[in-house]
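Chemist: Below you'll find work35.cif; it's mmCIF, N, CA and C atoms.
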data_target
#
loop_
_atom_site.label_atom_id
_atom_site.label_comp_id
_atom_site.auth_asym_id
_atom_site.auth_seq_id
_atom_site.Cartn_x
_atom_site.Cartn_y
_atom_site.Cartn_z
N MET Y 147 0.82 -1.20 0.00
CA MET Y 147 0.00 0.00 0.00
C MET Y 147 0.86 1.26 0.00
N GLN Y 148 1.93 1.25 0.79
CA GLN Y 148 2.78 2.43 0.86
C GLN Y 148 3.56 2.64 -0.42
N SER Y 149 3.83 1.55 -1.15
CA SER Y 149 4.59 1.71 -2.39
C SER Y 149 3.78 2.43 -3.46
N THR Y 150 2.46 2.30 -3.43
CA THR Y 150 1.65 3.04 -4.39
C THR Y 150 1.75 4.54 -4.15
N THR Y 151 1.96 4.93 -2.92
CA THR Y 151 2.16 6.35 -2.62
C THR Y 151 3.40 6.88 -3.33
N ALA Y 152 4.46 6.09 -3.35
CA ALA Y 152 5.70 6.51 -4.02
C ALA Y 152 5.48 6.62 -5.52
N TYR Y 153 4.76 5.68 -6.10
CA TYR Y 153 4.52 5.72 -7.54
C TYR Y 153 3.60 6.88 -7.93
N ILE Y 154 2.56 7.10 -7.16
CA ILE Y 154 1.65 8.21 -7.45
C ILE Y 154 2.37 9.54 -7.28
N LEU Y 155 3.18 9.66 -6.26
CA LEU Y 155 3.97 10.87 -6.05
C LEU Y 155 4.88 11.14 -7.25
N SER Y 156 5.51 10.11 -7.77
CA SER Y 156 6.40 10.26 -8.92
C SER Y 156 5.65 10.73 -10.16
N LEU Y 157 4.47 10.16 -10.39
CA LEU Y 157 3.68 10.56 -11.55
C LEU Y 157 3.20 12.00 -11.42
N VAL Y 158 2.73 12.36 -10.26
CA VAL Y 158 2.22 13.72 -10.05
C VAL Y 158 3.34 14.74 -10.22
N ILE Y 159 4.49 14.47 -9.65
CA ILE Y 159 5.61 15.41 -9.77
C ILE Y 159 6.08 15.52 -11.21
N ALA Y 160 6.10 14.42 -11.95
CA ALA Y 160 6.50 14.47 -13.36
C ALA Y 160 5.54 15.35 -14.16
N PHE Y 161 4.23 15.19 -13.94
CA PHE Y 161 3.27 16.01 -14.66
C PHE Y 161 3.33 17.48 -14.24
N VAL Y 162 3.57 17.74 -12.98
CA VAL Y 162 3.71 19.13 -12.52
C VAL Y 162 4.94 19.77 -13.15
N PHE Y 163 6.02 19.03 -13.24
CA PHE Y 163 7.23 19.59 -13.85
C PHE Y 163 7.07 19.80 -15.35
N ILE Y 164 6.32 18.92 -16.02
CA ILE Y 164 6.04 19.14 -17.45
C ILE Y 164 5.21 20.40 -17.61
N LEU Y 165 4.23 20.58 -16.76
CA LEU Y 165 3.41 21.78 -16.81
C LEU Y 165 4.27 23.02 -16.56
N PHE Y 166 5.15 22.94 -15.57
CA PHE Y 166 6.03 24.07 -15.26
C PHE Y 166 7.00 24.35 -16.42
N ALA Y 167 7.49 23.31 -17.07
CA ALA Y 167 8.39 23.48 -18.22
C ALA Y 167 7.65 24.13 -19.39
N ALA Y 168 6.39 23.73 -19.59
CA ALA Y 168 5.60 24.33 -20.68
C ALA Y 168 5.31 25.80 -20.38
N LEU Y 169 4.99 26.10 -19.14
CA LEU Y 169 4.74 27.50 -18.77
C LEU Y 169 5.99 28.35 -18.91
N SER Y 170 7.13 27.80 -18.50
CA SER Y 170 8.36 28.57 -18.63
C SER Y 170 8.77 28.73 -20.09
N ALA Y 171 8.51 27.73 -20.92
CA ALA Y 171 8.82 27.85 -22.36
C ALA Y 171 7.96 28.92 -23.00
N ASN Y 172 6.70 28.98 -22.62
CA ASN Y 172 5.82 30.00 -23.18
C ASN Y 172 6.10 31.39 -22.62
N ALA Y 173 6.73 31.47 -21.47
CA ALA Y 173 7.04 32.77 -20.89
C ALA Y 173 8.26 33.42 -21.54
N ILE Y 174 9.11 32.61 -22.16
CA ILE Y 174 10.30 33.16 -22.83
C ILE Y 174 9.88 33.70 -24.18
N LYS Y 175 10.13 34.97 -24.40
CA LYS Y 175 9.68 35.65 -25.62
C LYS Y 175 10.55 35.28 -26.82
N TYR Y 176 9.90 35.30 -27.98
CA TYR Y 176 10.64 35.11 -29.23
C TYR Y 176 11.60 36.26 -29.44
N GLN Y 177 12.78 35.95 -29.98
CA GLN Y 177 13.76 36.98 -30.31
C GLN Y 177 13.94 36.98 -31.82
N GLY Y 178 14.03 38.14 -32.35
CA GLY Y 178 14.25 38.26 -33.78
C GLY Y 178 15.71 38.18 -34.13
N GLY Y 179 15.98 38.34 -35.38
CA GLY Y 179 17.37 38.35 -35.83
C GLY Y 179 17.80 37.04 -36.42
N SER Y 180 19.04 37.01 -36.85
CA SER Y 180 19.54 35.81 -37.52
C SER Y 180 20.04 34.74 -36.55
N ASN Y 181 20.32 35.11 -35.30
CA ASN Y 181 20.84 34.15 -34.33
C ASN Y 181 20.16 34.36 -32.97
N PRO Y 182 18.88 34.04 -32.87
CA PRO Y 182 18.18 34.26 -31.59
C PRO Y 182 18.62 33.24 -30.54
N SER Y 183 18.60 33.67 -29.28
CA SER Y 183 19.00 32.78 -28.19
C SER Y 183 17.82 32.20 -27.43
N ASP Y 184 16.59 32.53 -27.83
CA ASP Y 184 15.43 32.04 -27.08
C ASP Y 184 15.25 30.52 -27.18
N PRO Y 185 15.53 29.84 -28.31
CA PRO Y 185 15.39 28.38 -28.30
C PRO Y 185 16.35 27.71 -27.31
N ARG Y 186 17.56 28.25 -27.19
CA ARG Y 186 18.53 27.69 -26.25
C ARG Y 186 18.06 27.86 -24.81
N LYS Y 187 17.45 29.01 -24.51
CA LYS Y 187 16.94 29.24 -23.15
C LYS Y 187 15.84 28.25 -22.81
N ARG Y 188 14.94 27.99 -23.76
CA ARG Y 188 13.86 27.03 -23.51
C ARG Y 188 14.41 25.63 -23.28
N LYS Y 189 15.40 25.25 -24.07
CA LYS Y 189 16.01 23.93 -23.92
C LYS Y 189 16.72 23.81 -22.57
N ILE Y 190 17.43 24.86 -22.19
CA ILE Y 190 18.14 24.83 -20.90
C ILE Y 190 17.15 24.69 -19.75
N TRP Y 191 16.05 25.44 -19.78
CA TRP Y 191 15.07 25.35 -18.71
C TRP Y 191 14.42 23.98 -18.66
N PHE Y 192 14.17 23.38 -19.81
CA PHE Y 192 13.61 22.03 -19.83
C PHE Y 192 14.55 21.05 -19.14
N TRP Y 193 15.84 21.11 -19.45
CA TRP Y 193 16.79 20.16 -18.88
C TRP Y 193 17.13 20.48 -17.43
N VAL Y 194 17.09 21.73 -17.04
CA VAL Y 194 17.27 22.07 -15.61
C VAL Y 194 16.12 21.47 -14.80
N LEU Y 195 14.91 21.61 -15.30
CA LEU Y 195 13.76 21.02 -14.62
C LEU Y 195 13.83 19.49 -14.64
N ALA Y 196 14.41 18.93 -15.70
CA ALA Y 196 14.59 17.47 -15.75
C ALA Y 196 15.53 16.99 -14.66
N ILE Y 197 16.52 17.80 -14.32
CA ILE Y 197 17.45 17.43 -13.25
C ILE Y 197 16.81 17.62 -11.88
N ILE Y 198 16.05 18.68 -11.72
CA ILE Y 198 15.41 18.96 -10.43
C ILE Y 198 14.28 17.97 -10.14
N ASN Y 199 13.62 17.47 -11.18
CA ASN Y 199 12.49 16.56 -11.02
C ASN Y 199 12.80 15.35 -10.13
N PRO Y 200 13.81 14.51 -10.43
CA PRO Y 200 14.04 13.36 -9.56
C PRO Y 200 14.57 13.73 -8.18
N ILE Y 201 15.31 14.83 -8.10
CA ILE Y 201 15.83 15.25 -6.80
C ILE Y 201 14.68 15.62 -5.87
N LEU Y 202 13.78 16.46 -6.37
CA LEU Y 202 12.63 16.86 -5.55
C LEU Y 202 11.72 15.68 -5.26
N ASN Y 203 11.54 14.82 -6.24
CA ASN Y 203 10.70 13.64 -6.06
C ASN Y 203 11.24 12.77 -4.92
N PHE Y 204 12.52 12.50 -4.95
CA PHE Y 204 13.10 11.66 -3.91
C PHE Y 204 13.06 12.32 -2.54
N LEU Y 205 13.40 13.61 -2.49
CA LEU Y 205 13.41 14.30 -1.20
C LEU Y 205 12.02 14.38 -0.59
N LEU Y 206 11.03 14.70 -1.41
CA LEU Y 206 9.66 14.74 -0.89
C LEU Y 206 9.21 13.35 -0.43
N GLY Y 207 9.49 12.36 -1.24
CA GLY Y 207 9.08 11.01 -0.89
C GLY Y 207 9.76 10.48 0.35
N TYR Y 208 11.02 10.83 0.52
CA TYR Y 208 11.76 10.29 1.65
C TYR Y 208 11.49 11.05 2.95
N PHE Y 209 11.43 12.36 2.87
CA PHE Y 209 11.31 13.13 4.11
C PHE Y 209 9.88 13.51 4.47
N VAL Y 210 8.98 13.57 3.49
CA VAL Y 210 7.61 13.99 3.79
C VAL Y 210 6.65 12.82 3.84
N PHE Y 211 6.75 11.92 2.87
CA PHE Y 211 5.76 10.84 2.75
C PHE Y 211 6.24 9.49 3.23
N LYS Y 212 7.42 9.42 3.82
CA LYS Y 212 7.94 8.14 4.30
C LYS Y 212 7.03 7.60 5.41
N PRO Y 213 6.60 6.34 5.29
CA PRO Y 213 5.68 5.81 6.29
C PRO Y 213 6.38 5.48 7.61
N ASP Y 214 5.60 5.50 8.65
CA ASP Y 214 6.08 5.03 9.94
C ASP Y 214 5.75 3.54 10.02
N GLY Y 215 6.63 2.79 10.56
CA GLY Y 215 6.37 1.35 10.66
C GLY Y 215 7.67 0.60 10.89
N ASN Y 216 7.57 -0.71 10.69
CA ASN Y 216 8.75 -1.53 10.91
C ASN Y 216 9.73 -1.39 9.75
N ALA Y 217 10.88 -1.99 9.89
CA ALA Y 217 11.95 -1.85 8.91
C ALA Y 217 11.57 -2.43 7.56
N MET Y 218 10.75 -3.48 7.55
CA MET Y 218 10.35 -4.11 6.28
C MET Y 218 9.47 -3.18 5.46
N VAL Y 219 8.54 -2.49 6.10
CA VAL Y 219 7.66 -1.55 5.40
C VAL Y 219 8.48 -0.39 4.85
N ILE Y 220 9.40 0.11 5.63
CA ILE Y 220 10.22 1.24 5.18
C ILE Y 220 11.13 0.83 4.02
N GLU Y 221 11.70 -0.37 4.07
CA GLU Y 221 12.55 -0.85 2.97
C GLU Y 221 11.75 -1.02 1.69
N ASP Y 222 10.54 -1.55 1.81
CA ASP Y 222 9.68 -1.69 0.62
C ASP Y 222 9.34 -0.32 0.04
N TYR Y 223 9.07 0.62 0.90
CA TYR Y 223 8.76 1.97 0.44
C TYR Y 223 9.96 2.62 -0.24
N LYS Y 224 11.15 2.47 0.35
CA LYS Y 224 12.35 3.07 -0.25
C LYS Y 224 12.65 2.45 -1.62
N THR Y 225 12.45 1.15 -1.75
CA THR Y 225 12.63 0.50 -3.05
C THR Y 225 11.65 1.06 -4.06
N ALA Y 226 10.39 1.19 -3.66
CA ALA Y 226 9.38 1.75 -4.56
C ALA Y 226 9.69 3.21 -4.88
N LEU Y 227 10.25 3.94 -3.93
CA LEU Y 227 10.60 5.33 -4.16
C LEU Y 227 11.73 5.45 -5.18
N PHE Y 228 12.73 4.60 -5.09
CA PHE Y 228 13.80 4.61 -6.09
C PHE Y 228 13.26 4.29 -7.48
N ILE Y 229 12.44 3.27 -7.57
CA ILE Y 229 11.86 2.89 -8.86
C ILE Y 229 10.95 3.99 -9.38
N GLY Y 230 10.12 4.53 -8.50
CA GLY Y 230 9.21 5.61 -8.89
C GLY Y 230 9.93 6.86 -9.34
N THR Y 231 11.04 7.18 -8.69
CA THR Y 231 11.83 8.34 -9.09
C THR Y 231 12.38 8.15 -10.50
N GLY Y 232 12.86 6.96 -10.79
CA GLY Y 232 13.34 6.67 -12.14
C GLY Y 232 12.23 6.73 -13.17
N ILE Y 233 11.08 6.17 -12.82
CA ILE Y 233 9.94 6.19 -13.72
C ILE Y 233 9.47 7.63 -13.97
N GLY Y 234 9.44 8.44 -12.92
CA GLY Y 234 9.03 9.84 -13.07
C GLY Y 234 9.97 10.62 -13.96
N PHE Y 235 11.27 10.37 -13.83
CA PHE Y 235 12.26 11.04 -14.68
C PHE Y 235 12.10 10.63 -16.14
N ILE Y 236 11.97 9.34 -16.38
CA ILE Y 236 11.80 8.84 -17.75
C ILE Y 236 10.50 9.33 -18.34
N LEU Y 237 9.45 9.35 -17.54
CA LEU Y 237 8.15 9.85 -18.01
C LEU Y 237 8.24 11.33 -18.38
N TYR Y 238 8.95 12.11 -17.59
CA TYR Y 238 9.15 13.53 -17.90
C TYR Y 238 9.84 13.69 -19.26
N ILE Y 239 10.88 12.91 -19.50
CA ILE Y 239 11.62 12.99 -20.76
C ILE Y 239 10.74 12.56 -21.93
N ILE Y 240 10.02 11.46 -21.77
CA ILE Y 240 9.18 10.95 -22.86
C ILE Y 240 8.05 11.92 -23.19
N ILE Y 241 7.37 12.42 -22.17
CA ILE Y 241 6.28 13.37 -22.42
C ILE Y 241 6.84 14.65 -23.03
N GLY Y 242 7.98 15.11 -22.56
CA GLY Y 242 8.61 16.29 -23.14
C GLY Y 242 8.97 16.08 -24.59
N PHE Y 243 9.49 14.90 -24.93
CA PHE Y 243 9.85 14.60 -26.32
C PHE Y 243 8.61 14.57 -27.20
N VAL Y 244 7.56 13.90 -26.73
CA VAL Y 244 6.32 13.81 -27.51
C VAL Y 244 5.71 15.20 -27.71
N LEU Y 245 5.66 15.99 -26.65
CA LEU Y 245 5.11 17.35 -26.77
C LEU Y 245 5.96 18.21 -27.71
N SER Y 246 7.27 18.05 -27.67
CA SER Y 246 8.11 18.85 -28.56
C SER Y 246 7.92 18.46 -30.02
N LYS Y 247 7.59 17.21 -30.27
CA LYS Y 247 7.33 16.79 -31.65
C LYS Y 247 5.93 17.19 -32.10
N ILE Y 248 4.98 17.17 -31.18
CA ILE Y 248 3.62 17.60 -31.53
C ILE Y 248 3.59 19.09 -31.82
N PHE Y 249 4.23 19.87 -30.99
CA PHE Y 249 4.25 21.33 -31.14
C PHE Y 249 5.59 21.79 -31.69
N LYS Y 250 6.07 21.15 -32.76
CA LYS Y 250 7.41 21.43 -33.27
C LYS Y 250 7.58 22.84 -33.83
N ASN Y 251 6.50 23.49 -34.20
CA ASN Y 251 6.61 24.86 -34.70
C ASN Y 251 6.35 25.90 -33.61
N GLY Y 252 6.08 25.46 -32.41
CA GLY Y 252 5.83 26.39 -31.31
C GLY Y 252 7.02 26.49 -30.38
N LYS Y 253 6.79 27.13 -29.27
CA LYS Y 253 7.86 27.34 -28.29
C LYS Y 253 8.29 26.04 -27.62
N ILE Y 254 7.36 25.12 -27.44
CA ILE Y 254 7.68 23.85 -26.80
C ILE Y 254 8.53 22.98 -27.73
N GLY Y 255 8.47 23.23 -29.01
CA GLY Y 255 9.25 22.46 -29.98
C GLY Y 255 10.75 22.65 -29.85
N ASN Y 256 11.19 23.58 -29.06
CA ASN Y 256 12.62 23.83 -28.88
C ASN Y 256 13.24 22.99 -27.78
N TRP Y 257 12.49 22.14 -27.11
CA TRP Y 257 13.03 21.35 -26.02
C TRP Y 257 14.08 20.34 -26.47
N PHE Y 258 13.87 19.74 -27.63
CA PHE Y 258 14.81 18.73 -28.15
C PHE Y 258 15.41 19.17 -29.45
#
Rewrite the coordinates I just gave you, this time as structure tokens.
Modeler:
Amino acid sequence: MQSTTAYILSLVIAFVFILFAALSANAIKYQGGSNPSDPRKRKIWFWVLAIINPILNFLLGYFVFKPDGNAMVIEDYKTALFIGTGIGFILYIIIGFVLSKIFKNGKIGNWF
């Protein structure tokens, strides 16, 4: 039961970070000229959030949502938290890639 908390936490954080990445990409204004730097800024913010995503996921899961109980329950939860953190990171990358291909002519298309 406690392991589902870790998985749900990972999914929610991944979707929140995708939403935050999309909002930050749309907040960066287009730049004119022959060599604009706005696509690079969007890409950097996407990857910075990709790095922060698993760190925040693990810290929240470990320090805020860690269950009280015997050592076996805590070990099962920590294992699920490690797996969930990896799944959340991969999900963030996959959703970001799909969204960048869907909106390839928009601001989100600069992520990859």
Chemist: What separation in Å, quoted to one decimal, exists between atom C of Ala171 of chain Y and atom C of Lys253 of chain Y?
Modeler: 5.5 Å
Chemist: Please return, as a VMD selection string, all residues of segment 156-258 of chain Y that DSSP assigns to alpha helix (DSSP H) on the basis of the backbone.
Modeler: chain Y and resid 156 to 173 184 to 209 217 to 248
Chemist: What does the distance between atom C of Asn256 of chain Y and atom C of Ala160 of chain Y come to in Å, to one decimal place?
Modeler: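 A separation of 17.4 Å between them.
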Chemist: What is the atom N of Ala168 of chain Y to atom CA of Ala152 of chain Y distance in Å?
Modeler: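 These atoms are spaced 23.2 Å apart.
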Chemist: For Trp193 of chain Y, which residue among Y:Ile154, Y:Ala173, Y:Val210, Y:Ala167 is the nearest when counting all atoms listed in the file?
Modeler: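 Among the listed residues, Y:Ala167 lies closest to Trp193 of chain Y.
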Chemist: Report as a count of residues only the full result of the PyMOL selection byres ((chain Y and resi 234-236) around 7) when it is applied to this structure.
Modeler: 17
